[in-house]
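Engineer: Next up, query_30.txt (compact mmCIF, N, CA and C atoms).
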# COMPACT_ATOMS: atom_id res chain seq x y z
N MET A 195 -29.28 97.61 -100.26
CA MET A 195 -29.79 98.10 -99.00
C MET A 195 -30.38 96.93 -98.22
N LYS A 196 -30.01 96.85 -96.97
CA LYS A 196 -30.44 95.74 -96.13
C LYS A 196 -31.80 96.06 -95.49
N ALA A 197 -32.68 95.05 -95.49
CA ALA A 197 -34.01 95.22 -94.91
C ALA A 197 -33.93 95.22 -93.39
N SER A 198 -34.79 96.01 -92.77
CA SER A 198 -34.82 96.08 -91.31
C SER A 198 -35.41 94.78 -90.75
N PRO A 199 -35.11 94.48 -89.49
CA PRO A 199 -35.70 93.27 -88.88
C PRO A 199 -37.23 93.29 -88.91
N ALA A 200 -37.83 94.47 -88.74
CA ALA A 200 -39.30 94.56 -88.76
C ALA A 200 -39.83 94.21 -90.15
N SER A 201 -39.15 94.68 -91.19
CA SER A 201 -39.62 94.38 -92.55
C SER A 201 -39.36 92.92 -92.90
N GLN A 202 -38.30 92.33 -92.37
CA GLN A 202 -38.06 90.90 -92.57
C GLN A 202 -39.13 90.07 -91.87
N ALA A 203 -39.51 90.49 -90.66
CA ALA A 203 -40.55 89.77 -89.91
C ALA A 203 -41.89 89.87 -90.65
N ARG A 204 -42.19 91.05 -91.18
CA ARG A 204 -43.44 91.21 -91.94
C ARG A 204 -43.42 90.33 -93.18
N GLY A 205 -42.30 90.29 -93.88
CA GLY A 205 -42.17 89.44 -95.05
C GLY A 205 -42.36 87.97 -94.71
N GLY A 206 -41.79 87.54 -93.57
CA GLY A 206 -41.97 86.16 -93.13
C GLY A 206 -43.42 85.85 -92.80
N ALA A 207 -44.09 86.81 -92.15
CA ALA A 207 -45.51 86.62 -91.82
C ALA A 207 -46.35 86.55 -93.09
N LEU A 208 -46.06 87.40 -94.07
CA LEU A 208 -46.81 87.37 -95.33
C LEU A 208 -46.58 86.05 -96.07
N LEU A 209 -45.34 85.55 -96.03
CA LEU A 209 -45.06 84.26 -96.66
C LEU A 209 -45.84 83.15 -95.95
N ALA A 210 -45.92 83.21 -94.62
CA ALA A 210 -46.68 82.21 -93.87
C ALA A 210 -48.16 82.26 -94.24
N ILE A 211 -48.70 83.46 -94.43
CA ILE A 211 -50.10 83.60 -94.86
C ILE A 211 -50.28 82.97 -96.24
N HIS A 212 -49.34 83.25 -97.15
CA HIS A 212 -49.39 82.63 -98.48
C HIS A 212 -49.45 81.12 -98.36
N LEU A 213 -48.54 80.55 -97.59
CA LEU A 213 -48.43 79.10 -97.48
C LEU A 213 -49.66 78.48 -96.82
N LEU A 214 -50.20 79.15 -95.80
CA LEU A 214 -51.40 78.65 -95.12
C LEU A 214 -52.57 78.54 -96.10
N PHE A 215 -52.82 79.61 -96.85
CA PHE A 215 -53.96 79.58 -97.76
C PHE A 215 -53.71 78.69 -98.96
N LEU A 216 -52.45 78.57 -99.38
CA LEU A 216 -52.13 77.62 -100.45
C LEU A 216 -52.45 76.20 -99.98
N MET A 217 -52.11 75.90 -98.74
CA MET A 217 -52.41 74.58 -98.19
C MET A 217 -53.92 74.36 -98.04
N VAL A 218 -54.60 75.33 -97.44
CA VAL A 218 -56.04 75.19 -97.20
C VAL A 218 -56.80 75.04 -98.51
N TRP A 219 -56.63 75.99 -99.43
CA TRP A 219 -57.39 75.93 -100.69
C TRP A 219 -56.87 74.84 -101.62
N GLY A 220 -55.57 74.58 -101.57
CA GLY A 220 -55.02 73.52 -102.40
C GLY A 220 -55.58 72.16 -102.03
N PHE A 221 -55.54 71.82 -100.74
CA PHE A 221 -56.06 70.52 -100.31
C PHE A 221 -57.57 70.44 -100.51
N ALA A 222 -58.28 71.53 -100.24
CA ALA A 222 -59.74 71.53 -100.43
C ALA A 222 -60.09 71.33 -101.90
N GLY A 223 -59.40 72.06 -102.77
CA GLY A 223 -59.68 71.94 -104.20
C GLY A 223 -59.32 70.58 -104.76
N ILE A 224 -58.14 70.09 -104.41
CA ILE A 224 -57.70 68.78 -104.90
C ILE A 224 -58.63 67.69 -104.38
N GLY A 225 -59.02 67.79 -103.11
CA GLY A 225 -59.92 66.78 -102.52
C GLY A 225 -61.25 66.71 -103.23
N LYS A 226 -61.81 67.86 -103.57
CA LYS A 226 -63.12 67.87 -104.24
C LYS A 226 -63.01 67.35 -105.67
N VAL A 227 -61.92 67.69 -106.35
CA VAL A 227 -61.75 67.23 -107.74
C VAL A 227 -61.51 65.72 -107.77
N VAL A 228 -60.66 65.23 -106.86
CA VAL A 228 -60.30 63.81 -106.86
C VAL A 228 -61.40 62.94 -106.28
N SER A 229 -61.95 63.34 -105.15
CA SER A 229 -62.91 62.47 -104.43
C SER A 229 -64.35 62.92 -104.53
N GLY A 230 -64.59 64.10 -105.06
CA GLY A 230 -65.95 64.62 -105.06
C GLY A 230 -66.28 65.21 -103.70
N TYR A 231 -67.53 65.52 -103.53
CA TYR A 231 -67.95 66.11 -102.25
C TYR A 231 -67.98 65.04 -101.17
N PRO A 232 -67.71 65.42 -99.91
CA PRO A 232 -67.77 64.45 -98.83
C PRO A 232 -69.18 63.87 -98.69
N ALA A 233 -69.28 62.69 -98.13
CA ALA A 233 -70.58 62.01 -97.99
C ALA A 233 -71.57 62.83 -97.15
N TRP A 234 -71.07 63.59 -96.19
CA TRP A 234 -71.95 64.35 -95.31
C TRP A 234 -72.49 65.62 -95.96
N PHE A 235 -71.97 66.01 -97.12
CA PHE A 235 -72.35 67.28 -97.74
C PHE A 235 -73.85 67.36 -98.00
N GLY A 236 -74.42 66.32 -98.59
CA GLY A 236 -75.85 66.32 -98.90
C GLY A 236 -76.72 66.34 -97.64
N ASP A 237 -76.28 65.61 -96.60
CA ASP A 237 -77.05 65.59 -95.36
C ASP A 237 -77.02 66.95 -94.66
N THR A 238 -75.87 67.58 -94.70
CA THR A 238 -75.73 68.86 -94.00
C THR A 238 -76.39 70.00 -94.77
N PHE A 239 -76.15 70.07 -96.06
CA PHE A 239 -76.61 71.21 -96.86
C PHE A 239 -77.76 70.88 -97.78
N GLY A 240 -78.42 69.73 -97.57
CA GLY A 240 -79.47 69.26 -98.46
C GLY A 240 -80.60 70.23 -98.71
N LYS A 241 -80.91 71.09 -97.76
CA LYS A 241 -82.05 72.01 -97.91
C LYS A 241 -81.60 73.45 -98.19
N THR A 242 -80.36 73.62 -98.58
CA THR A 242 -79.87 74.97 -98.85
C THR A 242 -79.49 75.11 -100.32
N LEU A 243 -79.17 76.33 -100.72
CA LEU A 243 -78.74 76.59 -102.09
C LEU A 243 -77.41 75.91 -102.41
N LEU A 244 -76.58 75.66 -101.40
CA LEU A 244 -75.30 75.00 -101.64
C LEU A 244 -75.49 73.63 -102.27
N ALA A 245 -76.49 72.90 -101.81
CA ALA A 245 -76.74 71.56 -102.35
C ALA A 245 -77.37 71.64 -103.75
N LYS A 246 -78.12 72.69 -104.01
CA LYS A 246 -78.76 72.82 -105.32
C LYS A 246 -77.76 73.22 -106.41
N PHE A 247 -76.71 73.94 -106.02
CA PHE A 247 -75.69 74.40 -106.97
C PHE A 247 -74.29 74.03 -106.48
N PRO A 248 -73.98 72.74 -106.38
CA PRO A 248 -72.66 72.36 -105.86
C PRO A 248 -71.52 72.80 -106.77
N GLY A 249 -71.79 72.99 -108.03
CA GLY A 249 -70.76 73.46 -108.95
C GLY A 249 -70.28 74.86 -108.61
N LEU A 250 -71.18 75.67 -108.04
CA LEU A 250 -70.80 77.02 -107.63
C LEU A 250 -69.73 76.95 -106.55
N THR A 251 -69.94 76.09 -105.58
CA THR A 251 -68.97 75.94 -104.50
C THR A 251 -67.64 75.42 -105.04
N LEU A 252 -67.72 74.45 -105.95
CA LEU A 252 -66.50 73.88 -106.53
C LEU A 252 -65.75 74.92 -107.36
N SER A 253 -66.46 75.68 -108.18
CA SER A 253 -65.78 76.67 -109.02
C SER A 253 -65.20 77.80 -108.18
N CYS A 254 -65.89 78.24 -107.15
CA CYS A 254 -65.37 79.28 -106.27
C CYS A 254 -64.12 78.79 -105.53
N GLY A 255 -64.18 77.56 -105.04
CA GLY A 255 -63.03 76.98 -104.37
C GLY A 255 -61.86 76.76 -105.30
N SER A 256 -62.14 76.39 -106.55
CA SER A 256 -61.07 76.21 -107.54
C SER A 256 -60.38 77.53 -107.85
N LEU A 257 -61.17 78.59 -107.96
CA LEU A 257 -60.59 79.91 -108.19
C LEU A 257 -59.73 80.32 -107.00
N ALA A 258 -60.20 80.03 -105.79
CA ALA A 258 -59.41 80.34 -104.59
C ALA A 258 -58.09 79.56 -104.62
N SER A 259 -58.13 78.30 -105.05
CA SER A 259 -56.91 77.49 -105.17
C SER A 259 -55.94 78.10 -106.17
N ALA A 260 -56.47 78.53 -107.32
CA ALA A 260 -55.62 79.13 -108.36
C ALA A 260 -55.01 80.44 -107.86
N LEU A 261 -55.81 81.26 -107.20
CA LEU A 261 -55.28 82.51 -106.65
C LEU A 261 -54.22 82.24 -105.59
N ALA A 262 -54.45 81.24 -104.76
CA ALA A 262 -53.47 80.90 -103.71
C ALA A 262 -52.17 80.41 -104.33
N ALA A 263 -52.26 79.69 -105.44
CA ALA A 263 -51.05 79.20 -106.11
C ALA A 263 -50.29 80.34 -106.79
N CYS A 264 -51.01 81.32 -107.33
CA CYS A 264 -50.37 82.44 -108.03
C CYS A 264 -49.88 83.54 -107.09
N ALA A 265 -50.50 83.67 -105.95
CA ALA A 265 -50.21 84.80 -105.05
C ALA A 265 -48.74 84.93 -104.66
N PRO A 266 -48.06 83.84 -104.29
CA PRO A 266 -46.65 84.02 -103.90
C PRO A 266 -45.74 84.41 -105.07
N LEU A 267 -46.18 84.21 -106.30
CA LEU A 267 -45.34 84.45 -107.45
C LEU A 267 -45.02 85.92 -107.69
N ASP A 268 -45.86 86.84 -107.17
CA ASP A 268 -45.57 88.26 -107.39
C ASP A 268 -44.51 88.78 -106.41
N GLY A 269 -44.12 87.96 -105.44
CA GLY A 269 -43.06 88.35 -104.52
C GLY A 269 -43.45 89.45 -103.55
N GLY A 270 -44.73 89.66 -103.34
CA GLY A 270 -45.17 90.70 -102.42
C GLY A 270 -44.65 90.53 -101.01
N PHE A 271 -44.37 89.30 -100.61
CA PHE A 271 -43.86 89.06 -99.27
C PHE A 271 -42.40 89.51 -99.12
N LEU A 272 -41.73 89.79 -100.23
CA LEU A 272 -40.34 90.25 -100.18
C LEU A 272 -40.24 91.73 -99.81
N GLY A 273 -41.34 92.45 -99.89
CA GLY A 273 -41.36 93.85 -99.49
C GLY A 273 -41.00 94.82 -100.60
N ARG A 274 -40.75 94.34 -101.80
CA ARG A 274 -40.38 95.24 -102.90
C ARG A 274 -41.60 95.83 -103.59
N ARG A 275 -42.75 95.19 -103.40
CA ARG A 275 -44.00 95.66 -103.99
C ARG A 275 -45.14 95.26 -103.07
N ALA A 276 -46.28 95.85 -103.32
CA ALA A 276 -47.46 95.52 -102.51
C ALA A 276 -47.91 94.08 -102.83
N PRO A 277 -48.37 93.36 -101.83
CA PRO A 277 -48.83 91.97 -102.07
C PRO A 277 -50.23 91.94 -102.69
N THR A 278 -50.33 92.42 -103.93
CA THR A 278 -51.62 92.58 -104.60
C THR A 278 -52.34 91.26 -104.80
N LYS A 279 -51.63 90.24 -105.28
CA LYS A 279 -52.28 88.95 -105.52
C LYS A 279 -52.74 88.31 -104.22
N LEU A 280 -51.95 88.48 -103.17
CA LEU A 280 -52.36 87.98 -101.84
C LEU A 280 -53.64 88.69 -101.40
N THR A 281 -53.69 89.99 -101.61
CA THR A 281 -54.88 90.76 -101.23
C THR A 281 -56.12 90.24 -101.95
N TRP A 282 -56.03 90.03 -103.26
CA TRP A 282 -57.19 89.54 -104.01
C TRP A 282 -57.55 88.12 -103.62
N MET A 283 -56.56 87.29 -103.32
CA MET A 283 -56.85 85.93 -102.88
C MET A 283 -57.59 85.95 -101.54
N LEU A 284 -57.17 86.83 -100.64
CA LEU A 284 -57.84 86.92 -99.33
C LEU A 284 -59.26 87.47 -99.46
N VAL A 285 -59.44 88.46 -100.33
CA VAL A 285 -60.80 89.00 -100.54
C VAL A 285 -61.70 87.91 -101.11
N TRP A 286 -61.20 87.17 -102.11
CA TRP A 286 -62.01 86.09 -102.69
C TRP A 286 -62.29 85.03 -101.64
N SER A 287 -61.32 84.74 -100.79
CA SER A 287 -61.50 83.75 -99.73
C SER A 287 -62.64 84.14 -98.80
N LEU A 288 -62.78 85.44 -98.52
CA LEU A 288 -63.89 85.88 -97.68
C LEU A 288 -65.23 85.51 -98.32
N PHE A 289 -65.35 85.74 -99.62
CA PHE A 289 -66.60 85.40 -100.32
C PHE A 289 -66.83 83.89 -100.35
N VAL A 290 -65.75 83.13 -100.54
CA VAL A 290 -65.89 81.67 -100.55
C VAL A 290 -66.33 81.16 -99.18
N LEU A 291 -65.80 81.75 -98.13
CA LEU A 291 -66.14 81.31 -96.77
C LEU A 291 -67.56 81.66 -96.37
N VAL A 292 -68.12 82.66 -97.01
CA VAL A 292 -69.52 83.03 -96.71
C VAL A 292 -70.46 81.89 -97.09
N GLN A 293 -70.15 81.17 -98.17
CA GLN A 293 -71.04 80.11 -98.66
C GLN A 293 -71.27 79.01 -97.62
N PRO A 294 -70.23 78.29 -97.19
CA PRO A 294 -70.50 77.23 -96.22
C PRO A 294 -70.91 77.76 -94.86
N SER A 295 -70.40 78.94 -94.50
CA SER A 295 -70.77 79.51 -93.20
C SER A 295 -72.27 79.78 -93.14
N SER A 296 -72.81 80.39 -94.19
CA SER A 296 -74.25 80.66 -94.19
C SER A 296 -75.04 79.36 -94.22
N GLY A 297 -74.56 78.37 -94.97
CA GLY A 297 -75.23 77.08 -95.00
C GLY A 297 -75.25 76.41 -93.64
N LEU A 298 -74.13 76.50 -92.93
CA LEU A 298 -74.07 75.90 -91.60
C LEU A 298 -75.00 76.60 -90.62
N TRP A 299 -75.06 77.93 -90.67
CA TRP A 299 -75.97 78.63 -89.77
C TRP A 299 -77.43 78.37 -90.13
N LEU A 300 -77.73 78.27 -91.43
CA LEU A 300 -79.11 78.00 -91.85
C LEU A 300 -79.58 76.62 -91.43
N THR A 301 -78.66 75.67 -91.34
CA THR A 301 -79.02 74.30 -90.95
C THR A 301 -78.82 74.07 -89.45
N SER A 302 -78.63 75.13 -88.71
CA SER A 302 -78.48 75.08 -87.24
C SER A 302 -77.25 74.28 -86.79
N GLU A 303 -76.22 74.24 -87.60
CA GLU A 303 -74.95 73.62 -87.24
C GLU A 303 -74.09 74.69 -86.59
N SER A 304 -74.39 75.01 -85.34
CA SER A 304 -73.74 76.15 -84.69
C SER A 304 -72.25 75.93 -84.48
N THR A 305 -71.81 74.72 -84.22
CA THR A 305 -70.38 74.47 -84.02
C THR A 305 -69.62 74.73 -85.32
N GLY A 306 -70.09 74.16 -86.42
CA GLY A 306 -69.45 74.39 -87.71
C GLY A 306 -69.54 75.84 -88.13
N GLY A 307 -70.68 76.47 -87.88
CA GLY A 307 -70.85 77.89 -88.21
C GLY A 307 -69.88 78.76 -87.44
N THR A 308 -69.68 78.43 -86.17
CA THR A 308 -68.73 79.18 -85.34
C THR A 308 -67.31 78.99 -85.86
N GLN A 309 -66.96 77.76 -86.22
CA GLN A 309 -65.62 77.50 -86.76
C GLN A 309 -65.40 78.26 -88.06
N MET A 310 -66.39 78.26 -88.93
CA MET A 310 -66.26 79.00 -90.20
C MET A 310 -66.16 80.50 -89.95
N SER A 311 -66.90 80.98 -88.96
CA SER A 311 -66.83 82.41 -88.63
C SER A 311 -65.44 82.76 -88.09
N ALA A 312 -64.84 81.87 -87.32
CA ALA A 312 -63.49 82.10 -86.82
C ALA A 312 -62.49 82.11 -87.98
N PHE A 313 -62.65 81.21 -88.94
CA PHE A 313 -61.78 81.18 -90.11
C PHE A 313 -61.96 82.46 -90.93
N PHE A 314 -63.21 82.92 -91.05
CA PHE A 314 -63.50 84.18 -91.75
C PHE A 314 -62.78 85.33 -91.05
N ALA A 315 -62.86 85.36 -89.71
CA ALA A 315 -62.20 86.43 -88.94
C ALA A 315 -60.69 86.38 -89.12
N GLY A 316 -60.11 85.18 -89.12
CA GLY A 316 -58.68 85.05 -89.35
C GLY A 316 -58.28 85.52 -90.73
N THR A 317 -59.13 85.25 -91.72
CA THR A 317 -58.86 85.71 -93.08
C THR A 317 -58.93 87.24 -93.14
N LEU A 318 -59.90 87.80 -92.45
CA LEU A 318 -60.03 89.26 -92.42
C LEU A 318 -58.83 89.90 -91.74
N VAL A 319 -58.34 89.32 -90.66
CA VAL A 319 -57.13 89.82 -89.99
C VAL A 319 -55.94 89.73 -90.93
N SER A 320 -55.82 88.61 -91.66
CA SER A 320 -54.73 88.46 -92.64
C SER A 320 -54.81 89.52 -93.72
N LEU A 321 -56.02 89.82 -94.17
CA LEU A 321 -56.22 90.85 -95.18
C LEU A 321 -55.76 92.21 -94.65
N HIS A 322 -56.12 92.53 -93.43
CA HIS A 322 -55.70 93.80 -92.84
C HIS A 322 -54.19 93.84 -92.64
N PHE A 323 -53.61 92.74 -92.19
CA PHE A 323 -52.16 92.67 -91.99
C PHE A 323 -51.42 92.86 -93.31
N GLY A 324 -51.96 92.28 -94.37
CA GLY A 324 -51.33 92.40 -95.68
C GLY A 324 -51.48 93.78 -96.30
N GLY A 325 -52.31 94.62 -95.70
CA GLY A 325 -52.48 95.99 -96.20
C GLY A 325 -53.58 96.15 -97.21
N GLY A 326 -54.35 95.08 -97.44
CA GLY A 326 -55.38 95.14 -98.45
C GLY A 326 -56.63 95.89 -98.03
N ALA A 327 -56.77 96.15 -96.76
CA ALA A 327 -57.98 96.84 -96.28
C ALA A 327 -57.57 98.03 -95.41
N SER A 328 -56.53 98.73 -95.83
CA SER A 328 -55.98 99.77 -94.97
C SER A 328 -56.67 101.12 -95.11
N ALA A 329 -57.42 101.33 -96.19
CA ALA A 329 -58.09 102.61 -96.39
C ALA A 329 -59.57 102.38 -96.61
N PRO A 330 -60.42 103.30 -96.13
CA PRO A 330 -61.86 103.17 -96.40
C PRO A 330 -62.12 103.21 -97.91
N ALA A 331 -63.18 102.56 -98.33
CA ALA A 331 -63.50 102.48 -99.75
C ALA A 331 -63.75 103.84 -100.38
N ASN A 332 -64.25 104.79 -99.59
CA ASN A 332 -64.57 106.11 -100.15
C ASN A 332 -63.45 107.13 -99.92
N ALA A 333 -62.27 106.66 -99.49
CA ALA A 333 -61.15 107.57 -99.25
C ALA A 333 -60.60 108.06 -100.57
N PRO A 334 -60.19 109.35 -100.63
CA PRO A 334 -59.59 109.86 -101.87
C PRO A 334 -58.27 109.16 -102.15
N ARG A 335 -57.98 108.97 -103.41
CA ARG A 335 -56.73 108.28 -103.80
C ARG A 335 -55.80 109.23 -104.47
Take the structure in this file and express it as structure tokens.

Structural biologist:
Amino acid sequence: MKASPASQARGGALLAIHLLFLMVWGFAGIGKVVSGYPAWFGDTFGKTLLAKFPGLTLSCGSLASALAACAPLDGGFLGRRAPTKLTWMLVWSLFVLVQPSSGLWLTSESTGGTQMSAFFAGTLVSLHFGGGASAPANAPR
């Protein structure tokens, strides 16, 4: 059975979401493991919990990288099954993005905080597009 153009377009968009987050979390994770934290990290987040527990940020980002690498493997973008791994990767990404976003707002870095909030919003839109947030939490199943 041949897929409709709308379902092919949706599959292409889901694949693009997979690739975007694989690139974002992959480069972020590899950069932190290879080079450590950027020089500005301590200056920016020095008075927040992020600086006190940098391993938390690294481990959360590493898990996001692993989820991003595994997400395309379930083939959810092909339309034969729900993109479950993509959904969980996007949900985890929201939690990971809360960390630096809150740190930026707490340190009055409004430009960075706004950028992180925009990235959070884009992740939330991707989650909704992927179908991961299509029903209210208290809806009967």

Engineer: Would you kindly return, as a ChimeraX atom specification, each protein, DNA or RNA residue with an atom no farther than 6.5 Å from any atom of Lys279 of chain A, considering all atoms listed in the file and excluding same-chain residues fewer than 4 positions away?

Structural biologist: /A:261,264-266,283-284

Engineer: Find the smallest box with edges along x, y and z containing every listed atom of segment 310-318 of chain A, then add 5 Å on each side and report centre and edge lengths in Å to one decimal, as AutoDock Vina command-line options.

Structural biologist:
--center_x -62.6 --center_y 84.1 --center_z -90.0 --size_x 18.6 --size_y 21.6 --size_z 16.3

Engineer: Go through A:Val285, A:Ala263, A:Ala276, A:Leu298 and flag the residue nearest Gly205 of chain A, using only C-alpha atoms for the distances.

Structural biologist: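 Using only C-alpha atoms, Gly205 of chain A sits closest to A:Ala276.
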
Engineer: Tell me which of A:Gly297, A:Gly306, A:Gly316, A:Gly270 sits closest to Leu209 of chain A, counting all atoms listed in the file.

Structural biologist: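 Closest to Leu209 of chain A, using all atoms listed in the file: A:Gly270.
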
Engineer: Between atom CA of Val290 of chain A and atom CA of Gly240 of chain A, what is the distance in Å, rounded to a tenth?

Structural biologist: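 Computed distance, atom CA of Val290 of chain A to atom CA of Gly240 of chain A, equals 18.5 Å.
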
Engineer: Go through A:Gly206, A:Ser287, A:Gly273, A:Ser256 and flag the residue nearest Ile224 of chain A, using only N, CA and C atoms for the distances.

Structural biologist: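 Nearest to Ile224 of chain A: A:Ser256.
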
Engineer: Considering only N, CA and C atoms, can you say which of A:Leu280, A:Ala260, A:Tyr231, A:Phe247 comes closest to His212 of chain A?

Structural biologist: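 Result for the nearest residue to His212 of chain A: A:Leu280.
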
Engineer: What would the list of residues within 8 Å of (-76.5, 72.1, -93.8) (file frame) look like as a PyMOL selection string, if all atoms listed in the file are what count?

Structural biologist: chain A and resi 234-242+296-303

Engineer: Smallest atom-to-atom distance to Leu257 of chain A: which of A:Ala315, A:Gly223, A:Ile211, A:Ala200, using all atoms listed in the file?

Structural biologist: A:Gly223

Engineer: If you measure from atom CA of Ser311 of chain A to atom CA of Gln293 of chain A, what distance in Å do you get, rounded to one decimal?

Structural biologist: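 Calculated distance between atom CA of Ser311 of chain A and atom CA of Gln293 of chain A is 11.1 Å.
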
Engineer: Mind pulling up the distance from atom C of Pro294 of chain A to atom N of Gln309 of chain A?

Structural biologist: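 Computed distance, atom N of Gln309 of chain A to atom C of Pro294 of chain A, equals 9.5 Å.
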